[in-house]
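Trainee: This is the content of entry-v5.tsv (TSV, C-alpha atoms):
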chain	number	residue	atom	x	y	z
A	1	MET	CA	-120.10	34.51	83.52
A	2	ARG	CA	-117.87	37.15	85.12
A	3	SER	CA	-114.93	34.78	85.52
A	4	SER	CA	-115.17	33.66	81.90
A	5	PHE	CA	-114.94	37.34	80.87
A	6	LEU	CA	-111.94	38.09	83.07
A	7	LEU	CA	-109.79	35.12	82.06
A	8	PRO	CA	-109.05	36.33	78.49
A	9	LEU	CA	-108.21	39.81	79.84
A	10	VAL	CA	-105.81	38.41	82.44
A	11	PHE	CA	-104.14	36.24	79.78
A	12	LEU	CA	-103.77	39.22	77.44
A	13	LEU	CA	-102.17	41.37	80.12
A	14	PHE	CA	-99.82	38.50	80.97
A	15	LEU	CA	-98.69	38.34	77.36
A	16	GLN	CA	-98.08	42.09	77.34
A	17	GLY	CA	-95.94	41.87	80.47
A	18	PHE	CA	-98.41	44.17	82.22
A	19	ARG	CA	-97.93	45.12	85.86
A	20	TYR	CA	-99.70	47.88	87.73
A	21	GLY	CA	-100.73	48.99	91.18
A	22	ALA	CA	-98.62	49.72	94.25
A	23	MET	CA	-95.37	47.94	93.37
A	24	GLN	CA	-93.32	49.62	96.09
A	25	ARG	CA	-94.05	50.98	99.51
A	26	HIS	CA	-91.97	54.15	99.52
A	27	PRO	CA	-91.27	56.85	96.94
A	28	VAL	CA	-87.91	56.87	95.16
A	29	ASP	CA	-86.22	59.31	92.81
A	30	PRO	CA	-86.65	57.77	89.33
A	31	SER	CA	-84.13	60.21	87.88
A	32	THR	CA	-81.21	58.69	89.82
A	33	GLY	CA	-78.58	57.52	87.36
A	34	PHE	CA	-79.95	59.69	84.55
A	35	VAL	CA	-78.52	62.86	83.03
A	36	GLU	CA	-80.87	65.80	82.48
A	37	LEU	CA	-80.65	67.12	78.93
A	38	PRO	CA	-80.91	70.85	78.13
A	39	LEU	CA	-84.32	72.15	77.07
A	40	ASN	CA	-85.27	75.59	75.79
A	41	GLU	CA	-88.18	77.17	73.97
A	42	SER	CA	-87.12	75.66	70.65
A	43	ASN	CA	-87.67	72.15	72.06
A	44	PHE	CA	-91.35	72.84	72.83
A	45	ASP	CA	-93.42	72.55	69.66
A	46	VAL	CA	-97.03	73.44	70.52
A	47	GLN	CA	-99.51	71.54	68.34
A	48	ARG	CA	-102.99	73.09	68.38
A	49	PRO	CA	-106.13	73.23	66.21
A	50	TYR	CA	-104.96	74.56	62.86
A	51	ASP	CA	-107.56	77.33	62.61
A	52	VAL	CA	-106.78	79.17	65.89
A	53	LEU	CA	-103.86	81.21	67.18
A	54	GLN	CA	-101.53	79.60	69.68
A	55	ASN	CA	-102.59	81.91	72.51
A	56	GLU	CA	-106.20	80.75	72.06
A	57	ARG	CA	-105.30	77.23	73.23
A	58	TYR	CA	-101.98	77.60	75.06
A	59	SER	CA	-100.39	79.84	77.67
A	60	PHE	CA	-97.11	79.88	79.55
A	61	ALA	CA	-96.88	81.89	82.76
A	62	ASN	CA	-94.97	81.49	86.02
A	63	GLY	CA	-93.35	78.33	84.73
A	64	VAL	CA	-96.66	76.61	83.93
A	65	HIS	CA	-97.67	75.42	80.47
A	66	ARG	CA	-101.47	75.47	80.25
A	67	MET	CA	-103.11	73.69	77.31
A	68	TRP	CA	-106.80	73.35	76.52
A	69	VAL	CA	-109.01	72.19	73.69
A	70	PHE	CA	-112.70	71.76	72.88
A	71	SER	CA	-114.25	68.56	71.53
A	72	THR	CA	-115.55	70.55	68.55
A	73	ASP	CA	-112.10	71.88	67.59
A	74	LYS	CA	-110.29	71.08	64.36
A	75	PRO	CA	-107.26	68.74	64.32
A	76	HIS	CA	-103.73	70.13	64.48
A	77	ALA	CA	-103.24	70.00	60.71
A	78	LEU	CA	-105.52	70.57	57.75
A	79	THR	CA	-104.63	67.16	56.33
A	80	SER	CA	-105.10	65.28	59.62
A	81	ASN	CA	-108.11	63.13	60.50
A	82	THR	CA	-107.21	62.90	64.19
A	83	LYS	CA	-109.21	64.31	67.10
A	84	PRO	CA	-108.57	67.79	68.55
A	85	ARG	CA	-105.42	68.36	70.55
A	86	THR	CA	-103.22	70.97	72.15
A	87	GLU	CA	-99.95	69.28	73.00
A	88	ILE	CA	-96.28	70.01	73.49
A	89	ARG	CA	-94.27	67.80	71.17
A	90	ILE	CA	-90.71	67.71	72.51
A	91	ARG	CA	-88.28	68.15	69.63
A	92	GLY	CA	-84.55	67.56	69.47
A	93	TYR	CA	-84.58	64.32	71.46
A	94	ASP	CA	-86.15	61.70	69.22
A	95	TYR	CA	-84.50	58.38	69.99
A	96	SER	CA	-84.27	54.79	68.77
A	97	SER	CA	-82.01	53.21	71.40
A	98	GLY	CA	-80.91	53.67	74.99
A	99	VAL	CA	-82.86	54.38	78.18
A	100	TRP	CA	-84.81	57.65	78.17
A	101	GLN	CA	-87.05	59.41	80.66
A	102	PHE	CA	-89.76	62.06	80.65
A	103	GLU	CA	-90.42	63.96	83.86
A	104	GLY	CA	-93.07	66.57	84.48
A	105	TYR	CA	-95.51	67.84	87.06
A	106	GLY	CA	-99.06	67.56	85.74
A	107	TYR	CA	-102.41	69.00	86.78
A	108	VAL	CA	-105.84	68.07	85.42
A	109	PRO	CA	-108.82	70.25	86.35
A	110	THR	CA	-112.02	68.57	87.48
A	111	GLY	CA	-114.30	67.72	84.56
A	112	THR	CA	-111.63	66.97	81.96
A	113	SER	CA	-112.31	63.44	80.70
A	114	GLY	CA	-111.79	61.15	77.72
A	115	VAL	CA	-108.39	62.65	76.99
A	116	CYS	CA	-104.74	61.66	76.66
A	117	ILE	CA	-102.47	63.89	78.75
A	118	MET	CA	-99.10	62.26	77.95
A	119	GLN	CA	-97.80	60.16	75.07
A	120	LEU	CA	-94.70	58.17	74.31
A	121	PHE	CA	-94.87	58.26	70.54
A	122	GLY	CA	-93.64	55.57	68.17
A	123	ALA	CA	-94.50	51.88	67.80
A	124	ASN	CA	-94.71	49.12	65.22
A	125	ARG	CA	-98.42	48.59	64.64
A	126	THR	CA	-99.84	51.60	66.49
A	127	ALA	CA	-98.88	55.27	66.67
A	128	THR	CA	-97.85	55.17	70.34
A	129	THR	CA	-96.03	52.97	72.82
A	130	LEU	CA	-97.72	54.62	75.81
A	131	MET	CA	-100.76	56.80	76.43
A	132	MET	CA	-101.69	58.13	79.84
A	133	ARG	CA	-105.36	59.08	79.75
A	134	VAL	CA	-107.92	60.55	82.12
A	135	TYR	CA	-111.45	59.19	82.39
A	136	ASP	CA	-113.79	60.63	85.04
A	137	GLY	CA	-110.88	61.60	87.25
A	138	SER	CA	-108.92	58.34	86.95
A	139	LEU	CA	-105.49	58.19	85.33
A	140	THR	CA	-105.40	55.14	83.06
A	141	TYR	CA	-103.10	53.22	80.74
A	142	TYR	CA	-104.85	53.77	77.41
A	143	LYS	CA	-108.51	52.97	78.14
A	144	GLY	CA	-107.59	50.03	80.30
A	145	PRO	CA	-106.70	49.52	83.96
A	146	VAL	CA	-106.64	52.45	86.37
A	147	VAL	CA	-103.13	53.59	87.33
A	148	VAL	CA	-104.28	56.25	89.84
A	149	PRO	CA	-107.95	56.28	90.89
A	150	TYR	CA	-108.33	60.05	91.34
A	151	ILE	CA	-106.05	62.63	89.77
A	152	TYR	CA	-108.25	65.75	89.54
A	153	SER	CA	-107.17	69.19	90.73
A	154	LYS	CA	-103.85	68.30	92.32
A	155	TRP	CA	-100.28	68.43	91.08
A	156	PHE	CA	-98.58	65.09	90.56
A	157	ARG	CA	-95.10	64.14	89.44
A	158	LEU	CA	-95.03	61.86	86.40
A	159	ASN	CA	-91.91	59.96	85.37
A	160	VAL	CA	-91.95	57.70	82.32
A	161	ILE	CA	-88.86	55.55	81.67
A	162	HIS	CA	-88.43	53.78	78.33
A	163	ASP	CA	-85.73	51.13	78.08
A	164	VAL	CA	-85.61	50.51	74.33
A	165	GLY	CA	-83.20	47.58	74.49
A	166	ALA	CA	-85.23	45.75	77.14
A	167	GLY	CA	-88.52	46.73	75.50
A	168	LYS	CA	-89.94	48.02	78.79
A	169	VAL	CA	-91.80	51.14	79.94
A	170	LYS	CA	-92.17	52.13	83.59
A	171	VAL	CA	-94.50	54.82	84.96
A	172	PHE	CA	-93.92	56.46	88.34
A	173	ILE	CA	-96.42	58.75	90.06
A	174	ASN	CA	-94.94	60.88	92.84
A	175	GLY	CA	-91.92	58.58	92.92
A	176	VAL	CA	-93.93	55.37	93.26
A	177	LEU	CA	-93.80	52.76	90.48
A	178	LYS	CA	-97.39	52.33	89.31
A	179	LEU	CA	-97.10	50.64	85.93
A	180	GLU	CA	-94.67	48.46	84.01
A	181	VAL	CA	-95.47	47.24	80.49
A	182	ASN	CA	-93.75	45.93	77.41
A	183	ASP	CA	-93.22	48.62	74.82
A	184	ARG	CA	-94.66	48.35	71.31
A	185	ARG	CA	-91.32	48.40	69.55
A	186	GLY	CA	-90.88	50.92	66.73
A	187	THR	CA	-87.82	52.61	65.27
A	188	SER	CA	-88.21	56.17	66.58
A	189	HIS	CA	-89.76	57.66	69.72
A	190	TYR	CA	-90.43	61.01	71.36
A	191	PHE	CA	-92.45	62.52	74.23
A	192	LYS	CA	-95.62	64.64	74.21
A	193	CYS	CA	-97.86	66.13	76.90
A	194	GLY	CA	-101.00	68.26	76.94
A	195	VAL	CA	-104.52	67.30	75.92
A	196	TYR	CA	-105.49	65.04	73.03
A	197	ALA	CA	-109.18	64.12	72.79
A	198	GLN	CA	-110.10	60.43	72.82
A	199	SER	CA	-113.44	58.62	72.72
A	200	ASP	CA	-116.18	59.89	75.07
A	201	SER	CA	-114.34	63.15	75.67
A	202	SER	CA	-115.70	66.02	77.72
A	203	SER	CA	-116.65	69.16	75.82
A	204	TYR	CA	-113.67	71.01	77.35
A	205	MET	CA	-110.29	69.44	78.17
A	206	GLU	CA	-107.31	70.98	79.94
A	207	SER	CA	-104.03	70.00	81.51
A	208	ARG	CA	-101.15	72.00	82.97
A	209	TRP	CA	-97.48	71.07	83.08
A	210	LYS	CA	-94.40	72.43	84.79
A	211	GLY	CA	-90.87	71.21	85.45
A	212	ILE	CA	-90.75	69.31	82.17
A	213	LYS	CA	-87.48	67.39	81.72
A	214	VAL	CA	-85.96	64.91	79.30
A	215	LEU	CA	-83.30	62.63	80.79
A	216	LYS	CA	-81.04	59.90	79.45
A	217	LYS	CA	-79.47	56.98	81.28
A	218	CYS	CA	-75.77	57.35	81.94
A	219	ASP	CA	-73.65	54.97	79.86
Would you write the structure of this file as structure tokens?

Mentor:
Amino acid sequence: MRSSFLLPLVFLLFLQGFRYGAMQRHPVDPSTGFVELPLNESNFDVQRPYDVLQNERYSFANGVHRMWVFSTDKPHALTSNTKPRTEIRIRGYDYSSGVWQFEGYGYVPTGTSGVCIMQLFGANRTATTLMMRVYDGSLTYYKGPVVVPYIYSKWFRLNVIHDVGAGKVKVFINGVLKLEVNDRRGTSHYFKCGVYAQSDSSSYMESRWKGIKVLKKCD
């Protein structure tokens, strides 16, 4: 019975070009060959529940962006039907071609669960090409396979590389390639990080980010 259940899943992941786990033995610098693009306050658009002030769900001190949300909060816009979120939407670097990279150091306090902490927005049939979520301490690709089994209460370096032409997305944790998947196409993409409630979310969700960068592959 178990094998009959696993076979369709394995076939689906094969079709998606899915690879995960320890793909390399030693850390590398994923930013090699990329150019860091300038970021300032105007590039960080904080999306939060529409009925609260920004400082009630977001703080920035000592270089750390702290974002939190409650499962009972309103969405980020009066006209939205999405779940609660407090996220940084990076503006000024939407893209439709080339090889782009997000880098940031993330931190998820113990207890935060059922939440997306990073998105690569834009796809054909779905809203996103990539979601990195946290469920019970595990960092996952959407609600699927575990990328890192325990992420709570420690800083980690996240690098996400999107090669639009090749249709590939790579995820590095602390310099180690942990995930490689086909993208979901789409005509425009951008990066987000923070907390965005998903199914089975905890009552309180929080993530912290520092050292946020956007990079582009040298031509």

Trainee: Using all atoms listed in the file, which of the listed residues (A:Phe172, A:Met131, A:Glu206, A:Lys217) sits closest to Ser59 in chain A?

Mentor: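 With all atoms listed in the file as the atom set, the closest residue is A:Glu206.
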
Trainee: How many Å separate CA of Glu56 in chain A from CA of Ile117 in chain A?

Mentor: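 Here the two named atoms are 18.5 Å from each other.
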
Trainee: For CA of Asp51 in chain A and CA of Phe121 in chain A, determine how far apart the two atoms are, in Å to one decimal place.

Mentor: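 Those two atoms sit 24.2 Å apart.
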
Trainee: Residues within 6 Å of Thr86 in chain A, please, as a VMD selection string. Count all atoms listed in the file; anything in the same chain fewer than 6 positions from it doesn't count.

Mentor: chain A and resid 47 to 48 67 194 to 195

Trainee: Quick one: residues within 12 Å of Lys154 in chain A, all atoms listed in the file counted, chain neighbours fewer than 6 positions away excluded, as a PDB file with C-alpha atoms, keeping the file's coordinate frame?

Mentor:
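Output below, filename selection06.pdb:
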ATOM      1  CA  TYR A 105     -95.510  67.840  87.060  1.00  0.00           C
ATOM      2  CA  GLY A 106     -99.060  67.560  85.740  1.00  0.00           C
ATOM      3  CA  TYR A 107    -102.410  69.000  86.780  1.00  0.00           C
ATOM      4  CA  VAL A 108    -105.840  68.070  85.420  1.00  0.00           C
ATOM      5  CA  PRO A 109    -108.820  70.250  86.350  1.00  0.00           C
ATOM      6  CA  THR A 110    -112.020  68.570  87.480  1.00  0.00           C
ATOM      7  CA  GLY A 137    -110.880  61.600  87.250  1.00  0.00           C
ATOM      8  CA  ASN A 174     -94.940  60.880  92.840  1.00  0.00           C
ATOM      9  CA  SER A 207    -104.030  70.000  81.510  1.00  0.00           C
ATOM     10  CA  ARG A 208    -101.150  72.000  82.970  1.00  0.00           C
ATOM     11  CA  TRP A 209     -97.480  71.070  83.080  1.00  0.00           C
TER      12      TRP A 209
END

Trainee: Which of these residues is nearest to Asp163 in chain A, using all atoms listed in the file: A:Ala127, A:Val28, A:Val146, A:Val181?

Mentor: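 Looking only at the distances to Asp163 in chain A, the closest residue turns out to be A:Val181.
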
Trainee: Check the smallest atom-to-atom distance from each of A:Asp29, A:Glu103, A:Glu41, A:Asp200 to Gly175 in chain A using all atoms listed in the file, then report the winner.

Mentor: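 Using all atoms listed in the file, Gly175 in chain A sits closest to A:Asp29.
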
Trainee: One decimal, in Å: what's the spacing between CA of Ser203 in chain A and CA of Ser71 in chain A?

Mentor: 5.0 Å

Trainee: Which residue, A:Ala61, A:Val176, A:Ala123, A:Ile161, has the smallest gap to Trp100 in chain A when you use only C-alpha atoms?

Mentor: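 Looking at the shortest contact to Trp100 in chain A, the residue is A:Ile161.
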
Trainee: In terms of the shortest atom-to-atom distance over only C-alpha atoms, which of A:Cys116, A:Val214, A:Val147, A:Val35 is closest to Arg91 in chain A?

Mentor: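 Smallest distance to Arg91 in chain A is found for A:Val214.
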
Trainee: Smallest atom-to-atom distance to Ala166 in chain A: which of A:Gly122, A:Gly98, A:Pro49, A:Arg133, using only C-alpha atoms?

Mentor: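 Selected residue with least distance to Ala166 in chain A: A:Gly98.
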